[in-house]
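Step one of this worksheet: look at the structure below.
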Amino acid sequence: MASSSSQSRQEESGLSEEDYDLIHGSESGWVDARTSCNHLSSLSAADLTHIPTPNTPCNTCQHPTENWLCLSCKEVLCGRFVNRHMLHHFRQTNHSVALSFSDLSVWCFSCDAYLDAQVIHQLRPVHQLAYILKFNQPPPLRPS
Ligand SMILES: [Zn+2]
Ligand SMILES: [Zn+2]
Ligand SMILES: [Zn+2]
């Protein structure tokens with residue numbers, strides 16, 4: 001993880017990555033994201049090179065915002081601040097991993113945690129695709 005040759009932020013500040021995140025990171029949305037998840041196997045069943053657009057309404061209640069894309073079957077369902085249809089979907093199908101169309105974060109219901117879509121290679125393509133559909137440009141690359 002930590003680079004030894006370049007001048008990383010940790011070396012400049014003398015802080016470990018964890019210290020840095022504790023002090024600076026709370027607004028980034030990536031701080032608590034896991035970099036691995038054991039529930040990604042069902043993703044391969046879905047063709048994630050074609051996904052619904054981020055303005056797709058909830059399949060169940062037609063709510064227009066706060067929706068999530070199931071990365072196992074590509075169903076679009078609303079989140080916990082609406083009618084929790086994605087949570088119901090997880091309980092019915094055990095499809096664990098969903099991508100938020102609001103902020104493009106990826107959540108695993110089984111891990112009960114956010115997943116880092118730029119680190120986990122199975123998630124990176126669909127995260128990039130969703131980002132392009134939402135913003136009409138590729139996501140900015142984070143320095144490693
Ligand atoms: Zn709904
Ligand atoms: Zn599903
Ligand atoms: Zn998981």
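By order of appearance in the structure tokens: chains A, B, ..., then residues from 1 within every chain, and ligands from 1 in the order shown.
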
Exercise. Grab me every residue within 10 Å of ligand 2, counting only C-alpha atoms and all ligand atoms, and send it over as a list in words.
Key: Ser42, Leu43, Ala46, Leu69, Cys70, Leu71, Ser72, Cys73, Lys74, Glu75, Val76, Leu77, Met86, His89, Phe90, Gln92, Thr93, Asn94, His95, Ser96, Val97 and Ala98 of chain A

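For ligand 3, the neighbouring protein, DNA and RNA residues, which are those within 8 Å when only C-alpha atoms and all ligand atoms are counted, are A:Ser36, A:Cys37, A:Asn38, A:His39, A:Leu40, A:Ser96, A:Val97, A:Cys108, A:Phe109, A:Ser110, A:Cys111, A:Asp112, A:Ala113, A:Leu115.
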
For the interface of chain A with ligand 1 (cut-off 12 Å, counting only C-alpha atoms and all ligand atoms), please tabulate each contacting residue of chain A alongside its nearest pair of atoms and their separation in Å to one decimal, rows sorted by chain and increasing number, as JSON lines.
```
{"residue": "A:Thr56", "atom": "CA", "partner": "ligand 1", "partner_atom_place_in_ligand_line": "1 (Zn)", "distance": 11.3}
{"residue": "A:Pro57", "atom": "CA", "partner": "ligand 1", "partner_atom_place_in_ligand_line": "1 (Zn)", "distance": 8.0}
{"residue": "A:Cys58", "atom": "CA", "partner": "ligand 1", "partner_atom_place_in_ligand_line": "1 (Zn)", "distance": 4.7}
{"residue": "A:Asn59", "atom": "CA", "partner": "ligand 1", "partner_atom_place_in_ligand_line": "1 (Zn)", "distance": 6.5}
{"residue": "A:Thr60", "atom": "CA", "partner": "ligand 1", "partner_atom_place_in_ligand_line": "1 (Zn)", "distance": 4.9}
{"residue": "A:Cys61", "atom": "CA", "partner": "ligand 1", "partner_atom_place_in_ligand_line": "1 (Zn)", "distance": 4.1}
{"residue": "A:Gln62", "atom": "CA", "partner": "ligand 1", "partner_atom_place_in_ligand_line": "1 (Zn)", "distance": 6.1}
{"residue": "A:His63", "atom": "CA", "partner": "ligand 1", "partner_atom_place_in_ligand_line": "1 (Zn)", "distance": 5.6}
{"residue": "A:Pro64", "atom": "CA", "partner": "ligand 1", "partner_atom_place_in_ligand_line": "1 (Zn)", "distance": 8.8}
{"residue": "A:Thr65", "atom": "CA", "partner": "ligand 1", "partner_atom_place_in_ligand_line": "1 (Zn)", "distance": 9.4}
{"residue": "A:Glu66", "atom": "CA", "partner": "ligand 1", "partner_atom_place_in_ligand_line": "1 (Zn)", "distance": 9.1}
{"residue": "A:Asn67", "atom": "CA", "partner": "ligand 1", "partner_atom_place_in_ligand_line": "1 (Zn)", "distance": 7.7}
{"residue": "A:Trp68", "atom": "CA", "partner": "ligand 1", "partner_atom_place_in_ligand_line": "1 (Zn)", "distance": 9.6}
{"residue": "A:Leu69", "atom": "CA", "partner": "ligand 1", "partner_atom_place_in_ligand_line": "1 (Zn)", "distance": 11.7}
{"residue": "A:Glu75", "atom": "CA", "partner": "ligand 1", "partner_atom_place_in_ligand_line": "1 (Zn)", "distance": 11.0}
{"residue": "A:Val76", "atom": "CA", "partner": "ligand 1", "partner_atom_place_in_ligand_line": "1 (Zn)", "distance": 8.6}
{"residue": "A:Leu77", "atom": "CA", "partner": "ligand 1", "partner_atom_place_in_ligand_line": "1 (Zn)", "distance": 5.3}
{"residue": "A:Cys78", "atom": "CA", "partner": "ligand 1", "partner_atom_place_in_ligand_line": "1 (Zn)", "distance": 4.2}
{"residue": "A:Gly79", "atom": "CA", "partner": "ligand 1", "partner_atom_place_in_ligand_line": "1 (Zn)", "distance": 7.3}
{"residue": "A:Arg80", "atom": "CA", "partner": "ligand 1", "partner_atom_place_in_ligand_line": "1 (Zn)", "distance": 9.3}
{"residue": "A:Phe81", "atom": "CA", "partner": "ligand 1", "partner_atom_place_in_ligand_line": "1 (Zn)", "distance": 9.9}
{"residue": "A:Val82", "atom": "CA", "partner": "ligand 1", "partner_atom_place_in_ligand_line": "1 (Zn)", "distance": 6.6}
{"residue": "A:Asn83", "atom": "CA", "partner": "ligand 1", "partner_atom_place_in_ligand_line": "1 (Zn)", "distance": 5.0}
{"residue": "A:Arg84", "atom": "CA", "partner": "ligand 1", "partner_atom_place_in_ligand_line": "1 (Zn)", "distance": 6.4}
{"residue": "A:His85", "atom": "CA", "partner": "ligand 1", "partner_atom_place_in_ligand_line": "1 (Zn)", "distance": 4.8}
{"residue": "A:Met86", "atom": "CA", "partner": "ligand 1", "partner_atom_place_in_ligand_line": "1 (Zn)", "distance": 7.5}
{"residue": "A:Leu87", "atom": "CA", "partner": "ligand 1", "partner_atom_place_in_ligand_line": "1 (Zn)", "distance": 9.9}
{"residue": "A:His88", "atom": "CA", "partner": "ligand 1", "partner_atom_place_in_ligand_line": "1 (Zn)", "distance": 9.6}
{"residue": "A:His89", "atom": "CA", "partner": "ligand 1", "partner_atom_place_in_ligand_line": "1 (Zn)", "distance": 10.2}
```
